[in-house]
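Content type TSV, C-alpha atoms, from the file structure-v5.tsv:
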```tsv
chain	number	residue	atom	x	y	z
Z	346	MET	CA	0.83	-15.40	25.10
Z	347	ALA	CA	-0.96	-17.83	22.79
Z	348	THR	CA	1.21	-19.45	20.16
Z	349	ALA	CA	0.43	-18.82	16.50
Z	350	ALA	CA	-0.25	-22.50	15.86
Z	351	THR	CA	-3.29	-22.40	18.14
Z	352	ILE	CA	-5.04	-19.41	16.59
Z	353	SER	CA	-6.94	-18.68	13.42
Z	354	LEU	CA	-6.28	-15.51	11.48
Z	355	VAL	CA	-9.15	-15.65	9.00
Z	356	GLY	CA	-12.50	-14.32	10.16
Z	357	CYS	CA	-15.67	-16.35	9.81
Z	358	SER	CA	-18.71	-15.29	7.82
Z	359	SER	CA	-22.15	-16.59	6.90
Z	360	ASP	CA	-24.43	-16.10	3.93
Z	361	GLN	CA	-26.22	-13.40	5.92
Z	362	ASP	CA	-23.08	-11.40	6.71
Z	363	GLU	CA	-22.68	-8.04	5.05
Z	364	PRO	CA	-19.87	-8.08	2.46
Z	365	ALA	CA	-16.72	-6.35	3.66
Z	366	SER	CA	-16.90	-3.86	0.79
Z	367	ALA	CA	-20.38	-2.74	1.88
Z	368	ALA	CA	-19.35	-1.96	5.46
Z	369	PRO	CA	-18.50	1.67	6.22
Z	370	GLN	CA	-14.80	2.44	6.24
Z	371	ALA	CA	-13.37	4.15	9.31
Z	372	ALA	CA	-11.27	7.21	8.63
Z	373	PRO	CA	-7.51	6.70	9.06
Z	374	GLY	CA	-6.44	7.26	12.63
Z	375	PRO	CA	-4.42	10.25	13.85
Z	376	VAL	CA	-0.75	10.46	12.93
Z	377	VAL	CA	1.40	8.45	15.32
Z	378	SER	CA	4.83	9.82	16.22
Z	379	ALA	CA	7.94	7.68	16.41
Z	380	PRO	CA	9.80	7.56	19.72
Z	381	ASP	CA	12.22	10.45	20.17
Z	382	PRO	CA	14.92	9.39	20.50
Z	383	LEU	CA	14.55	6.03	18.79
Z	384	LEU	CA	15.29	3.07	21.03
Z	385	GLY	CA	17.91	0.36	20.65
Z	386	ARG	CA	20.39	0.26	17.81
Z	387	PRO	CA	20.11	-0.27	14.04
Z	388	ILE	CA	20.14	-3.70	12.39
Z	389	THR	CA	22.61	-3.14	9.56
Z	390	ASP	CA	22.88	-6.73	8.28
Z	391	SER	CA	20.03	-7.94	6.04
Z	392	ALA	CA	20.82	-11.55	6.95
Z	393	VAL	CA	20.24	-10.76	10.62
Z	394	LEU	CA	16.97	-9.02	9.80
Z	395	MET	CA	15.90	-11.93	7.59
Z	396	SER	CA	16.54	-14.32	10.47
Z	397	ALA	CA	13.98	-12.36	12.51
Z	398	MET	CA	11.14	-12.77	10.01
Z	399	LEU	CA	8.24	-15.06	10.88
Z	400	LEU	CA	8.67	-18.69	9.82
Z	401	VAL	CA	5.97	-21.03	8.58
Z	402	GLY	CA	6.12	-22.77	11.96
Z	403	ASP	CA	5.08	-19.49	13.63
Z	404	LEU	CA	1.87	-19.34	11.59
Z	405	PRO	CA	-1.51	-21.07	11.86
Z	406	ASP	CA	-1.90	-24.40	10.08
Z	407	GLY	CA	-2.50	-24.23	6.34
Z	408	TYR	CA	0.09	-21.59	5.38
Z	409	ALA	CA	3.05	-22.25	3.08
Z	410	ALA	CA	6.00	-20.09	2.04
Z	411	ILE	CA	5.89	-18.34	-1.34
Z	412	PRO	CA	9.41	-18.44	-2.84
Z	413	ASP	CA	11.01	-15.14	-3.74
Z	414	PRO	CA	11.48	-15.23	-7.56
Z	415	VAL	CA	14.95	-13.65	-7.44
Z	416	ARG	CA	16.38	-14.68	-4.06
Z	417	ASP	CA	14.99	-18.24	-3.93
Z	418	LEU	CA	14.44	-19.20	-7.57
Z	419	GLY	CA	17.26	-17.27	-9.24
Z	420	LEU	CA	14.97	-15.66	-11.83
Z	421	ASP	CA	15.76	-12.49	-13.74
Z	422	PRO	CA	14.71	-9.51	-11.59
Z	423	ALA	CA	13.63	-7.62	-14.73
Z	424	PRO	CA	12.39	-10.18	-17.29
Z	425	ASP	CA	11.45	-9.05	-20.78
Z	426	TYR	CA	7.93	-10.42	-21.17
Z	427	ASP	CA	6.12	-10.47	-24.52
Z	428	ASN	CA	3.04	-8.97	-22.84
Z	429	PRO	CA	3.75	-5.66	-21.09
Z	430	ASP	CA	2.80	-5.15	-17.45
Z	431	ARG	CA	-0.29	-2.89	-17.50
Z	432	SER	CA	-0.60	-2.50	-13.74
Z	433	GLY	CA	-0.82	0.94	-12.17
Z	434	THR	CA	-2.81	3.18	-9.85
Z	435	ASP	CA	-4.46	6.58	-10.10
Z	436	PRO	CA	-2.95	8.57	-8.47
Z	437	SER	CA	0.34	6.80	-9.12
Z	438	ALA	CA	1.66	7.52	-5.60
Z	439	CYS	CA	-0.98	5.15	-4.19
Z	440	ALA	CA	0.93	2.21	-5.65
Z	441	ASP	CA	3.04	2.60	-2.50
Z	442	VAL	CA	0.19	1.45	-0.24
Z	443	LEU	CA	1.51	-1.76	1.39
Z	444	ALA	CA	4.56	-1.77	-0.90
Z	445	PRO	CA	7.79	-2.89	0.85
Z	446	ILE	CA	9.05	-0.31	3.32
Z	447	SER	CA	12.51	-0.13	1.75
Z	448	GLN	CA	10.85	0.71	-1.58
Z	449	GLN	CA	8.71	3.46	-0.07
Z	450	SER	CA	11.46	5.05	1.97
Z	451	PRO	CA	14.95	4.78	0.45
Z	452	GLY	CA	18.07	4.72	2.56
Z	453	ALA	CA	17.54	1.45	4.43
Z	454	VAL	CA	20.76	-0.26	5.52
Z	455	SER	CA	19.01	-3.65	5.76
Z	456	ASN	CA	15.79	-5.15	4.50
Z	457	ALA	CA	13.94	-8.46	4.54
Z	458	ALA	CA	10.60	-9.87	3.41
Z	459	VAL	CA	8.63	-13.12	3.58
Z	460	ARG	CA	5.32	-14.12	1.99
Z	461	TYR	CA	2.98	-16.99	2.82
Z	462	SER	CA	-0.15	-18.29	1.09
Z	463	GLY	CA	-3.03	-19.80	3.03
Z	464	PRO	CA	-6.51	-21.26	2.62
Z	465	ASN	CA	-9.38	-19.48	0.85
Z	466	PHE	CA	-7.21	-16.89	-0.95
Z	467	SER	CA	-5.61	-15.76	2.30
Z	468	SER	CA	-2.00	-14.65	2.65
Z	469	ILE	CA	0.45	-13.29	5.20
Z	470	ASP	CA	3.16	-10.82	4.22
Z	471	GLU	CA	5.90	-9.37	6.41
Z	472	ASP	CA	8.61	-6.96	5.36
Z	473	ALA	CA	11.02	-4.85	7.36
Z	474	ALA	CA	13.70	-2.24	6.80
Z	475	GLY	CA	16.46	-1.10	9.14
Z	476	TYR	CA	17.73	2.47	9.14
Z	477	THR	CA	20.40	4.52	10.88
Z	478	ASP	CA	20.04	7.92	12.52
Z	479	SER	CA	16.43	9.17	12.12
Z	480	GLY	CA	15.68	7.08	9.02
Z	481	ALA	CA	13.15	4.83	10.75
Z	482	ALA	CA	11.16	7.82	12.01
Z	483	THR	CA	11.17	9.30	8.49
Z	484	ALA	CA	9.97	6.03	6.97
Z	485	PHE	CA	7.24	5.65	9.60
Z	486	SER	CA	5.98	9.16	8.88
Z	487	ARG	CA	6.15	8.66	5.10
Z	488	LEU	CA	4.04	5.50	5.18
Z	489	GLN	CA	1.37	7.22	7.26
Z	490	ALA	CA	1.26	10.13	4.80
Z	491	THR	CA	0.63	7.69	1.95
Z	492	PHE	CA	-2.22	6.04	3.85
Z	493	ALA	CA	-3.83	9.43	4.53
Z	494	ALA	CA	-3.55	10.53	0.88
Z	495	CYS	CA	-4.96	7.30	-0.57
Z	496	GLY	CA	-8.34	6.82	1.08
Z	497	GLN	CA	-9.91	5.75	-2.20
Z	498	TYR	CA	-8.20	5.15	-5.54
Z	499	SER	CA	-8.35	2.98	-8.63
Z	500	GLY	CA	-6.02	1.15	-10.94
Z	501	THR	CA	-5.43	-1.86	-13.15
Z	502	ASP	CA	-3.73	-5.20	-12.65
Z	503	ALA	CA	-0.93	-6.56	-14.85
Z	504	ASP	CA	-3.50	-7.58	-17.50
Z	505	GLY	CA	-5.22	-4.20	-17.50
Z	506	VAL	CA	-8.29	-5.32	-15.51
Z	507	ALA	CA	-9.86	-2.52	-13.44
Z	508	VAL	CA	-9.27	-2.61	-9.67
Z	509	ASN	CA	-10.75	-0.35	-6.98
Z	510	TYR	CA	-9.16	0.28	-3.58
Z	511	ARG	CA	-10.33	1.71	-0.25
Z	512	VAL	CA	-8.08	2.49	2.72
Z	513	GLY	CA	-9.46	3.04	6.21
Z	514	GLY	CA	-8.22	3.01	9.77
Z	515	ARG	CA	-8.64	0.09	12.12
Z	516	GLU	CA	-8.42	-0.20	15.89
Z	517	GLN	CA	-5.25	-1.93	16.99
Z	518	ASP	CA	-3.31	-2.24	20.23
Z	519	ARG	CA	0.20	-0.82	19.98
Z	520	ILE	CA	2.76	-3.08	18.40
Z	521	GLY	CA	6.46	-2.46	19.05
Z	522	ASP	CA	7.53	1.02	20.16
Z	523	ALA	CA	4.87	2.78	18.05
Z	524	SER	CA	2.43	1.57	15.41
Z	525	THR	CA	-0.38	2.48	13.07
Z	526	SER	CA	-2.90	0.18	11.41
Z	527	ILE	CA	-5.13	0.24	8.32
Z	528	ARG	CA	-7.55	-1.92	6.36
Z	529	LEU	CA	-7.20	-2.01	2.56
Z	530	GLU	CA	-10.10	-3.37	0.51
Z	531	THR	CA	-9.24	-4.43	-3.02
Z	532	SER	CA	-12.17	-5.09	-5.39
Z	533	SER	CA	-12.21	-6.28	-8.97
Z	534	GLU	CA	-14.95	-7.87	-11.10
Z	535	GLY	CA	-17.20	-8.47	-8.10
Z	536	PHE	CA	-14.51	-10.06	-5.91
Z	537	THR	CA	-13.11	-8.33	-2.80
Z	538	LEU	CA	-10.07	-9.09	-0.66
Z	539	VAL	CA	-9.45	-7.42	2.69
Z	540	SER	CA	-5.92	-6.65	3.86
Z	541	ASP	CA	-5.46	-5.81	7.53
Z	542	ALA	CA	-2.08	-4.22	8.13
Z	543	VAL	CA	0.03	-2.81	10.92
Z	544	VAL	CA	3.21	-0.76	10.49
Z	545	ALA	CA	5.39	-0.61	13.59
Z	546	ILE	CA	8.73	0.75	14.73
Z	547	VAL	CA	10.94	-1.63	16.68
Z	548	ASP	CA	14.12	0.19	17.71
Z	549	HIS	CA	15.54	1.45	14.37
Z	550	THR	CA	13.57	-1.03	12.26
Z	551	VAL	CA	10.21	-0.43	10.58
Z	552	VAL	CA	8.15	-3.59	10.08
Z	553	GLN	CA	4.98	-4.03	8.03
Z	554	PHE	CA	2.73	-7.01	8.77
Z	555	VAL	CA	-0.26	-7.76	6.50
Z	556	VAL	CA	-2.92	-10.47	6.57
Z	557	THR	CA	-5.17	-10.68	3.51
Z	558	SER	CA	-8.40	-12.70	3.36
Z	559	GLN	CA	-11.92	-12.58	1.98
Z	560	ASP	CA	-13.62	-11.69	5.25
Z	561	GLY	CA	-11.13	-9.76	7.36
Z	562	VAL	CA	-8.89	-10.91	10.16
Z	563	ASP	CA	-9.68	-12.03	13.70
Z	564	PRO	CA	-8.38	-9.05	15.76
Z	565	ALA	CA	-7.01	-11.03	18.72
Z	566	SER	CA	-5.16	-13.48	16.48
Z	567	PHE	CA	-3.78	-10.67	14.37
Z	568	THR	CA	-2.47	-8.85	17.45
Z	569	ALA	CA	-0.84	-12.01	18.82
Z	570	LEU	CA	1.02	-12.72	15.59
Z	571	ALA	CA	2.01	-9.09	14.93
Z	572	THR	CA	3.36	-8.87	18.47
Z	573	SER	CA	5.40	-12.03	17.88
Z	574	ALA	CA	6.82	-10.47	14.71
Z	575	ALA	CA	7.91	-7.36	16.62
Z	576	GLU	CA	9.43	-9.40	19.45
Z	577	LYS	CA	11.49	-11.47	17.01
Z	578	ILE	CA	12.97	-8.32	15.49
Z	579	ARG	CA	13.83	-6.88	18.89
Z	580	GLY	CA	15.33	-10.21	19.91
Z	581	ALA	CA	17.54	-10.30	16.81
Z	582	ASN	CA	18.72	-6.78	17.62
Z	583	THR	CA	19.77	-7.80	21.14
Z	584	GLY	CA	21.22	-11.18	20.24
Z	585	LEU	CA	18.45	-13.13	21.99
```

This structure in structure tokens:
Amino acid sequence: MATAATISLVGCSSDQDEPASAAPQAAPGPVVSAPDPLLGRPITDSAVLMSAMLLVGDLPDGYAAIPDPVRDLGLDPAPDYDNPDRSGTDPSACADVLAPISQQSPGAVSNAAVRYSGPNFSSIDEDAAGYTDSGAATAFSRLQATFAACGQYSGTDADGVAVNYRVGGREQDRIGDASTSIRLETSSEGFTLVSDAVVAIVDHTVVQFVVTSQDGVDPASFTALATSAAEKIRGANTGL
């Protein structure tokens, strides 16, 4: 398998290319079922799960880690700003689209997340949550229900600026034990970002991998890196 350092995640475009927001959106794919029974065993230690997240060395050149404000910088998790946060979505439930898995589906016994910034407004985000019993299957189903209910919605950012969103399905080879994939287009004041995302089950862990760029991701590169993310989680679960 190609290593991440030799691939490019950001798609190329020209002045003649059709903007991503003008392209027709595919309908979300059919609901994907989790394995029954789930494979492997749960990861119950968040430190173990964090050790399985992608590192900057796993990524293409040009990406750098974004520090977590609370975990890495020691900032107040609920600061009292002078200017209130005016962000939100309509309907409000659509704020869960691409939100951390542990936030969308409570009951996780472990969780981890990493964020990386890249060139030309691109970014890579990975988060994962480990569950016991049937919790991973429940979380996997819940995320898919949110995608299906939020095909098109609107909202505002923290400053109250209007934002429009579109969610559609995207073709994607299976990642992990079962997976589903979407494309989220986020548009505001004439500027559009495209987030290609896959949500996968690996044993009793649900992982969400997202690449955001202006033009959309290169499918082969995305698959290679998402597969690496899933393999690292399975390896951590088996001690490899």

>> So the first atom is atom CA of Asn456 of chain Z and the second is atom CA of Met398 of chain Z; what is the distance between them in Å, to one decimal place?
In response: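 Pair atom CA of Asn456 of chain Z / atom CA of Met398 of chain Z returns 10.5 Å.
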
> If you measure from atom CA of Val556 of chain Z to atom CA of Ser467 of chain Z, what distance in Å do you get, rounded to one decimal?
Replying inline: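 We find that atom CA of Val556 of chain Z and atom CA of Ser467 of chain Z lie 7.3 Å from each other.
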
>> Which residues are near Val543 of chain Z? Cut-off 9 Å, only C-alpha atoms, ignore same chain within fewer than 5 positions. Put them as a ChimeraX atom specification.
In response: /Z:517,520,524-528,552-555,571

> Nearest to Arg511 of chain Z: which of Z:Ala581, Z:Ala523, Z:Val539, Z:Leu404 is it, counting only C-alpha atoms?
Replying inline: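 Distance minimum relative to Arg511 of chain Z lands on Z:Val539.
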
> Given the choices Z:Asp563, Z:Asp390, Z:Asp470, Z:Asp548, which gets closest to Glu576 of chain Z if the distance is worked out from only C-alpha atoms?
Replying inline: Z:Asp548
